[in-house]
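Enquirer: Enclosed is the structure file work-v1.txt (compact mmCIF, C-alpha atoms).
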```txt
# COMPACT_ATOMS: atom_id res chain seq x y z
CA MET L 98 140.88 132.52 114.72
CA ILE L 99 144.41 133.62 113.88
CA ALA L 100 146.98 130.95 113.03
CA LEU L 101 150.68 131.31 113.70
CA LEU L 102 152.42 129.31 110.99
CA HIS L 103 155.45 127.26 112.07
CA CYS L 104 156.45 125.16 109.09
CA VAL L 105 155.46 122.79 106.31
CA ILE L 106 156.55 119.15 106.45
CA ARG L 107 155.80 116.04 104.42
CA ASP L 108 152.43 114.51 105.19
CA GLN L 109 153.13 113.20 108.66
CA ALA L 110 151.54 113.49 112.05
CA PRO L 111 152.97 116.45 113.96
CA LEU L 112 155.25 115.76 116.86
CA PRO L 113 153.66 116.17 120.29
CA LEU L 114 154.94 119.70 120.77
CA GLU L 115 153.50 122.83 122.30
CA PHE L 116 153.63 126.52 121.62
CA GLY L 117 152.36 128.97 124.23
CA GLY L 118 150.98 126.15 126.34
CA ALA L 119 148.81 124.69 123.57
CA ALA L 120 149.46 121.68 121.37
CA LEU L 121 150.57 122.29 117.79
CA LEU L 122 147.90 121.84 115.16
CA ALA L 123 148.23 120.32 111.71
CA MET L 124 146.46 120.70 108.41
CA ALA L 125 147.10 118.15 105.68
CA GLY L 126 146.80 118.74 101.95
CA GLY L 127 148.65 117.95 98.74
CA GLY L 128 150.91 115.40 100.45
CA LEU L 129 152.06 118.00 102.96
CA THR L 130 151.25 119.02 106.51
CA LEU L 131 151.10 122.62 107.62
CA ILE L 132 152.04 122.97 111.29
CA TYR L 133 150.50 125.92 113.09
CA SER L 134 149.24 127.24 116.42
CA GLU L 135 145.97 128.92 117.19
CA LEU L 136 146.22 132.38 118.67
CA ALA L 137 143.74 134.84 120.02
CA ASP L 138 142.24 137.30 117.55
CA ALA L 139 144.59 140.03 118.79
CA PRO L 140 147.75 138.03 119.34
CA ASP L 141 150.24 139.33 121.82
CA LEU L 142 153.63 137.85 121.03
CA PRO L 143 156.17 139.12 123.52
CA MET L 144 159.75 139.17 122.31
CA PRO L 145 162.04 137.42 122.82
CA GLU L 146 160.09 134.71 124.67
CA SER L 147 157.71 133.95 121.81
CA ALA L 148 160.50 133.98 119.26
CA LEU L 149 162.53 131.53 121.32
CA ALA L 150 159.53 129.25 121.82
CA PHE L 151 158.88 129.42 118.06
CA HIS L 152 162.53 128.56 117.42
CA ARG L 153 162.40 125.58 119.80
CA VAL L 154 159.38 124.14 117.98
CA GLN L 155 161.18 124.33 114.63
CA GLN L 156 164.34 122.82 116.11
CA GLU L 157 162.45 119.88 117.62
CA ILE L 158 160.79 119.13 114.29
CA LEU L 159 164.06 119.63 112.38
CA ARG L 160 165.74 117.05 114.60
CA GLU L 161 163.78 114.29 112.83
CA ARG L 162 162.11 115.79 109.77
CA ASP L 163 162.65 118.09 106.83
CA LEU L 164 160.76 121.34 107.04
CA VAL L 165 160.09 124.58 105.26
CA PRO L 166 160.07 127.20 108.02
CA PHE L 167 157.95 130.31 108.19
CA ARG L 168 159.44 133.53 109.42
CA PHE L 169 158.35 134.74 112.82
CA PRO L 170 155.62 135.84 113.13
CA THR L 171 153.66 134.72 110.07
CA LEU L 172 149.95 134.94 110.76
CA LEU L 173 146.99 133.83 108.66
CA GLU L 174 143.28 133.84 109.27
CA GLY L 175 142.14 130.29 109.98
CA ALA L 176 140.04 130.24 106.82
CA GLU L 177 143.10 131.08 104.72
CA LEU L 178 145.14 128.05 105.76
CA ALA L 179 143.64 125.45 103.45
CA PRO L 180 143.63 127.69 100.33
CA HIS L 181 147.21 128.72 101.03
CA LEU L 182 148.41 125.14 101.36
CA ALA L 183 146.52 124.06 98.27
CA SER L 184 147.92 126.92 96.20
CA PHE L 185 151.55 126.46 97.20
CA ALA L 186 151.77 122.70 97.79
CA GLU L 187 153.89 122.23 94.66
CA GLN L 188 156.35 124.95 95.67
CA TYR L 189 156.65 123.65 99.22
CA SER L 190 157.14 120.13 97.90
CA THR L 191 159.94 121.32 95.60
CA ALA L 192 161.60 123.13 98.50
CA LEU L 193 161.47 119.99 100.65
CA ASP L 194 162.93 117.91 97.81
CA ARG L 195 165.88 120.28 97.46
CA ALA L 196 166.97 119.70 101.02
CA ALA L 197 165.65 116.18 101.62
CA GLY L 198 167.30 114.58 104.63
CA CYS L 199 169.58 117.58 105.11
CA VAL L 200 170.12 120.47 107.48
CA GLN L 201 172.09 123.66 107.10
CA MET L 202 175.22 124.35 109.13
CA GLU L 203 176.75 127.81 109.04
CA ILE L 204 180.41 128.69 109.24
CA GLU L 205 181.55 132.28 109.61
CA ILE L 206 185.16 133.22 109.03
CA GLU L 207 186.14 136.71 110.06
CA THR L 208 189.36 138.67 110.20
CA PRO L 209 189.94 141.96 112.00
CA PRO L 210 189.04 144.86 109.69
CA GLU L 211 191.93 146.80 108.20
CA GLN L 212 192.44 150.19 109.80
CA ALA L 213 192.39 152.92 107.18
CA GLN L 214 193.52 155.51 109.73
CA THR L 215 196.72 153.69 110.60
CA ALA L 216 197.79 152.90 107.03
CA ALA L 217 200.84 154.85 105.87
CA SER L 218 199.20 155.65 102.55
CA GLY L 219 196.24 154.85 100.40
CA THR L 220 198.30 152.31 98.51
CA ALA L 221 199.33 150.61 101.75
CA TYR L 222 195.71 150.49 102.85
CA LEU L 223 194.58 148.92 99.57
CA ARG L 224 197.46 146.45 99.66
CA THR L 225 196.50 145.39 103.21
CA LYS L 226 192.90 145.04 102.14
CA ALA L 227 193.83 142.91 99.11
CA MET L 228 196.00 140.66 101.29
CA ARG L 229 193.17 140.26 103.75
CA ASN L 230 190.74 139.32 100.99
CA TYR L 231 193.21 136.82 99.61
CA ALA L 232 193.73 135.27 103.04
CA LEU L 233 189.98 135.05 103.56
CA ARG L 234 189.50 133.34 100.20
CA SER L 235 192.28 130.87 100.98
CA MET L 236 190.83 130.09 104.37
CA GLY L 237 187.40 129.59 102.86
CA GLU L 238 188.76 127.23 100.23
CA ALA L 239 190.66 125.29 102.87
CA VAL L 240 187.60 124.90 105.07
CA ARG L 241 185.54 123.74 102.13
CA ALA L 242 188.18 121.22 101.13
CA ILE L 243 188.31 119.79 104.65
CA MET L 244 184.55 119.70 105.11
CA SER L 245 183.57 118.13 101.77
CA PRO L 246 182.43 115.48 102.56
CA PRO L 247 180.29 115.40 104.69
CA VAL L 248 179.08 118.73 103.28
CA ILE L 249 177.29 118.13 99.98
CA GLY L 250 176.38 121.69 99.02
CA TRP L 251 177.74 125.17 99.66
CA ARG L 252 176.48 128.72 99.50
CA THR L 253 178.72 131.65 100.33
CA ARG L 254 177.98 135.21 101.27
CA ALA L 255 180.35 138.05 102.06
CA THR L 256 179.93 139.70 105.45
CA ALA L 257 181.35 142.96 106.79
CA ASN L 258 184.50 141.31 108.10
CA GLY L 259 184.67 138.01 106.32
CA GLN L 260 182.66 135.26 104.74
CA ARG L 261 179.67 133.22 105.75
CA PHE L 262 179.37 129.67 104.44
CA PHE L 263 176.12 127.75 104.36
CA ALA L 264 176.84 124.04 104.39
CA LEU L 265 174.23 121.51 103.31
CA THR L 266 174.80 118.41 105.41
CA ARG L 267 172.85 115.20 105.82
CA ARG L 268 171.16 114.99 109.18
CA THR L 269 172.76 111.59 109.75
CA GLU L 270 176.27 112.97 109.20
CA LEU L 271 176.35 115.76 111.76
CA ALA L 272 178.80 113.83 113.94
CA GLN L 273 181.19 113.59 110.99
CA PHE L 274 180.70 117.30 110.39
CA GLN L 275 181.82 118.02 113.95
CA GLU L 276 184.82 115.73 113.62
CA LYS L 277 185.99 117.43 110.44
CA LEU L 278 185.36 120.83 111.95
CA ALA L 279 187.86 120.13 114.69
CA GLN L 280 190.54 120.02 111.96
CA CYS L 281 189.83 123.60 110.91
CA VAL L 282 191.84 126.15 112.81
CA MET L 283 192.17 129.76 111.82
CA GLN L 284 195.36 131.74 112.18
CA GLY L 285 194.64 135.43 112.27
CA ALA L 286 190.94 134.82 111.87
CA SER L 287 188.00 133.57 113.87
CA LEU L 288 185.78 130.68 112.89
CA ARG L 289 182.29 130.43 114.26
CA VAL L 290 179.82 127.65 113.61
CA THR L 291 176.09 127.49 114.26
CA GLY L 292 173.41 125.01 113.39
CA PRO L 293 171.70 122.86 112.50
CA TRP L 294 169.18 125.15 110.85
CA PRO L 295 166.48 124.43 108.27
CA ALA L 296 168.21 124.34 104.88
CA THR L 297 166.58 127.53 103.61
CA GLU L 298 169.61 128.72 101.62
CA PHE L 299 169.21 125.68 99.39
CA MET L 300 165.45 125.83 98.97
CA GLU L 301 165.43 129.06 96.98
CA LEU L 302 162.20 130.07 98.64
CA GLU L 303 162.19 133.59 97.24
CA LYS L 304 162.12 132.26 93.68
CA LEU L 305 159.57 129.58 94.49
CA LEU L 306 157.17 131.87 96.32
CA MET L 307 157.57 135.13 94.44
CA HIS L 308 153.85 135.50 93.83
CA GLU L 309 152.86 134.73 97.36
CA ASN L 310 149.95 137.12 97.78
CA ALA L 311 147.28 134.88 96.33
CA PRO L 312 145.02 133.41 97.56
CA GLY L 313 143.48 135.75 100.04
CA GLN L 314 145.45 138.47 101.76
CA ALA L 315 148.03 137.00 104.03
CA LYS L 316 148.03 138.57 107.45
CA SER L 317 151.67 138.23 108.30
CA MET F 126 196.97 127.87 94.60
CA GLY F 127 195.12 124.96 96.17
CA PRO F 128 193.53 125.34 99.53
CA ARG F 129 196.00 122.94 101.13
CA ASP F 130 198.85 125.27 100.07
CA SER F 131 197.54 128.04 102.21
CA ASN F 132 199.53 128.61 105.36
CA ALA F 133 196.69 130.58 106.86
CA VAL F 134 194.59 127.66 108.03
CA LEU F 135 194.52 123.96 108.69
CA PHE F 136 196.21 121.68 111.18
CA PRO F 137 194.39 119.54 113.71
CA SER F 138 193.95 121.30 116.99
CA ALA F 139 192.33 120.86 120.33
CA ALA F 140 190.76 124.28 120.01
CA ALA F 141 187.36 123.34 118.69
CA PRO F 142 185.25 126.14 117.28
CA ARG F 143 182.20 127.31 119.15
CA ASP F 144 178.92 125.97 117.88
CA GLU F 145 176.50 127.77 120.11
CA ALA F 146 173.75 129.79 118.53
CA SER F 147 173.26 133.08 120.31
CA LEU F 148 169.96 134.87 120.66
CA LEU F 149 171.14 137.11 117.84
CA ASP F 150 171.68 134.10 115.57
CA ILE F 151 168.23 132.80 116.38
CA VAL F 152 166.50 136.11 115.76
CA ASP F 153 168.51 136.53 112.56
CA HIS F 154 167.20 133.21 111.27
CA LEU F 155 163.65 133.77 112.45
CA LEU F 156 163.49 137.07 110.57
CA ASN F 157 165.66 136.25 107.56
CA ALA F 158 165.22 132.60 106.73
CA GLY F 159 162.00 130.98 105.69
CA VAL F 160 158.79 131.72 103.93
CA VAL F 161 157.59 135.29 104.12
CA LEU F 162 154.03 136.13 103.25
CA HIS F 163 153.51 139.65 102.06
CA GLY F 164 150.81 141.21 104.09
CA SER F 165 150.27 143.07 107.24
CA VAL F 166 149.98 142.52 110.94
CA VAL F 167 148.53 144.19 113.96
CA ILE F 168 151.18 144.48 116.62
CA SER F 169 149.66 144.22 120.04
CA LEU F 170 151.38 145.32 123.20
CA ALA F 171 149.86 144.71 126.62
CA GLY F 172 146.54 143.91 125.03
CA VAL F 173 146.37 147.13 123.03
CA ASP F 174 146.55 147.07 119.25
CA LEU F 175 149.25 149.53 118.39
CA VAL F 176 150.38 149.44 114.82
CA TYR F 177 149.16 148.02 111.57
CA LEU F 178 152.38 147.22 109.76
CA GLY F 179 153.42 146.11 106.34
CA LEU F 180 155.46 143.33 107.86
CA SER F 181 157.67 142.38 104.96
CA ALA F 182 158.88 145.96 104.77
CA VAL F 183 159.37 146.57 108.44
CA LEU F 184 160.15 143.46 110.41
CA THR F 185 163.41 142.52 108.81
CA SER F 186 167.09 142.79 109.44
CA VAL F 187 169.42 145.31 107.87
CA GLU F 188 170.96 142.54 105.77
CA THR F 189 167.62 141.62 104.24
CA ALA F 190 166.63 145.23 103.78
CA LEU F 191 169.85 145.95 101.89
CA LYS F 192 169.32 142.91 99.71
CA HIS F 193 165.95 144.25 98.57
CA LEU F 194 166.91 147.88 98.10
CA PRO F 195 167.14 149.00 94.48
CA LYS F 196 170.70 149.22 93.22
CA PRO F 197 171.93 152.78 92.60
CA GLU F 198 171.84 154.00 89.02
CA PRO F 199 175.23 153.98 87.31
CA ARG F 200 176.53 157.49 86.76
```
Please go through the file and, once you have read it, give me the structure as structure tokens.

Expert:
Amino acid sequence: MIALLHCVIRDQAPLPLEFGGAALLAMAGGGLTLIYSELADAPDLPMPESALAFHRVQQEILRERDLVPFRFPTLLEGAELAPHLASFAEQYSTALDRAAGCVQMEIEIETPPEQAQTAASGTAYLRTKAMRNYALRSMGEAVRAIMSPPVIGWRTRATANGQRFFALTRRTELAQFQEKLAQCVMQGASLRVTGPWPATEFMELEKLLMHENAPGQAKS
Amino acid sequence: MGPRDSNAVLFPSAAAPRDEASLLDIVDHLLNAGVVLHGSVVISLAGVDLVYLGLSAVLTSVETALKHLPKPEPR
């Protein structure tokens, strides 16, 4: 049997959800529950239908519970599930603690890229670029000031045309998040918001699970 | 300069931002966010096993790939 891993939650009964027409399965251990689906030995996972179904399962669970998501598709042999959960229960538990009761909202601020071809000179181009960076920083600071609270944690990443903010927000304060968001208006920039997502940016999964290969060879 | 001094942003407005996740957003999260187990996978298409892939190296977005590429040596 091949298992498609969905997520790890605190030791709770799984919600009555389905993936691919079959009920989700659960394996408990170490105070946690691993949620997974059974697949055929040679799984055929058509994109994007399977990915969307996988996403819907995680979203339904996230609506009520904290979770550590697996990337799609993460596959393990059935016999590897229990050893995996036993080996990494502490790391998964730490990840869940870091984002307890919270979800991740994402805010992208983008400005039109400066046009090197139309600049009168190299200096003019660099000056335009510096002004754009300054404006982006100011906008980011303003958004953060407006949104904190309800946002209780931030991560920021530069994108090609702007900045992407990851906002840690309590699940119970999403309505307040939306209210505050309505106060943020960009001039000369676009603001795009998505979420809620599992709070992976705050779990530091890569550090927690750096030595993931043991036990057994994962078949992801 | 405090954020409230900026004249680039702020002000209440009726123009609420969009909060819809597109398919691209969803795929981005499915491939980039969450636990990744280093291993391999048999990709099956129409019931035929096609490729045996090192998943963590292949099934990833450009952003993730760039994050894991070695930094160039200083000259």

Enquirer: Measure the distance from CA of Ile151 (chain F) to CA of Ala148 (chain L) in Å and round it to one decimal.

Expert: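 Taking CA of Ile151 (chain F) as the start and CA of Ala148 (chain L) as the end point, the length is 8.3 Å.
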
Enquirer: Measuring between all atoms listed in the file, which one of L:Lys226, L:Arg160, L:Arg241, L:Arg261 shows the shortest distance to chain F?

Expert: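 Closest candidate: L:Arg241.
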
Enquirer: Do you have the CA of Ser147 (chain L)-CA of Leu131 (chain L) distance handy?

Expert: 19.3 Å

Enquirer: If you measure from CA of Phe263 (chain L) to CA of Met144 (chain L), what distance in Å do you get, rounded to one decimal?

Expert: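 A separation of 26.8 Å between them.
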
Enquirer: When the cut-off is 6 Å and we count all atoms listed in the file, which residues of chain L are near chain F, given as a PyMOL selection string?

Expert: chain L and resi 141+166-169+235-236+238-239+279-284+289-291+315-317

Enquirer: Can you list, as a PyMOL selection string, every protein, DNA or RNA residue that comes within 9 Å of Arg107 (chain L) when you count all atoms listed in the file, leaving out same-chain residues fewer than 6 positions away?

Expert: chain L and resi 128-131+162-164+190+193

Enquirer: Which residues are close to Gly250 (chain L), i.e. within 8 Å by all atoms listed in the file, leaving aside same-chain residues fewer than 2 positions away? Reply as number ranges by chain.

Expert: L: 248, 252, 264-266

Enquirer: Around (146.7, 120.8, 109.1) in the file's own coordinates, what residues are found within 10 Å if you use all atoms listed in the file, given back as a PDB file with C-alpha atoms, keeping the file's coordinate frame?

Expert:
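Listing of result10.pdb after writing:
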```pdb
ATOM      1  CA  VAL L 105     155.460 122.790 106.310  1.00  0.00           C
ATOM      2  CA  ASP L 108     152.430 114.510 105.190  1.00  0.00           C
ATOM      3  CA  GLN L 109     153.130 113.200 108.660  1.00  0.00           C
ATOM      4  CA  ALA L 110     151.540 113.490 112.050  1.00  0.00           C
ATOM      5  CA  PRO L 111     152.970 116.450 113.960  1.00  0.00           C
ATOM      6  CA  LEU L 121     150.570 122.290 117.790  1.00  0.00           C
ATOM      7  CA  LEU L 122     147.900 121.840 115.160  1.00  0.00           C
ATOM      8  CA  ALA L 123     148.230 120.320 111.710  1.00  0.00           C
ATOM      9  CA  MET L 124     146.460 120.700 108.410  1.00  0.00           C
ATOM     10  CA  ALA L 125     147.100 118.150 105.680  1.00  0.00           C
ATOM     11  CA  GLY L 126     146.800 118.740 101.950  1.00  0.00           C
ATOM     12  CA  LEU L 129     152.060 118.000 102.960  1.00  0.00           C
ATOM     13  CA  THR L 130     151.250 119.020 106.510  1.00  0.00           C
ATOM     14  CA  LEU L 131     151.100 122.620 107.620  1.00  0.00           C
ATOM     15  CA  ILE L 132     152.040 122.970 111.290  1.00  0.00           C
ATOM     16  CA  TYR L 133     150.500 125.920 113.090  1.00  0.00           C
ATOM     17  CA  LEU L 178     145.140 128.050 105.760  1.00  0.00           C
ATOM     18  CA  ALA L 179     143.640 125.450 103.450  1.00  0.00           C
ATOM     19  CA  LEU L 182     148.410 125.140 101.360  1.00  0.00           C
TER      20      LEU L 182
END
```

Enquirer: So which residues touch Gly292 (chain L) within 7 Å, counting only C-alpha atoms, skipping near sequence neighbours fewer than 3 positions away, as a ChimeraX atom specification?

Expert: /L:201-203

Enquirer: List as a PyMOL selection string the residues having at least one atom at most 8 Å from position (189.5, 134.1, 114.7) as given in the file, counting only C-alpha atoms.

Expert: chain L and resi 206-208+283-288

Enquirer: For Glu115 (chain L), work out the shell of residues within 10 Å, counting all atoms listed in the file and skipping chain neighbours fewer than 6 positions away, then give it as a list in words.

Expert: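 The filter keeps Leu121, Leu122, Ser134, Ala150, Phe151, Arg153 and Val154 of chain L.
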
Enquirer: With all atoms listed in the file as the counted atoms, please give the residues lying no more than 10 Å from Arg229 (chain L), apart from itself and same-chain residues fewer than 3 positions off, as JSON, numbers by chain.

Expert: {"L": [208, 209, 210, 211, 223, 224, 225, 226, 232, 233, 234, 235, 258, 259, 285]}
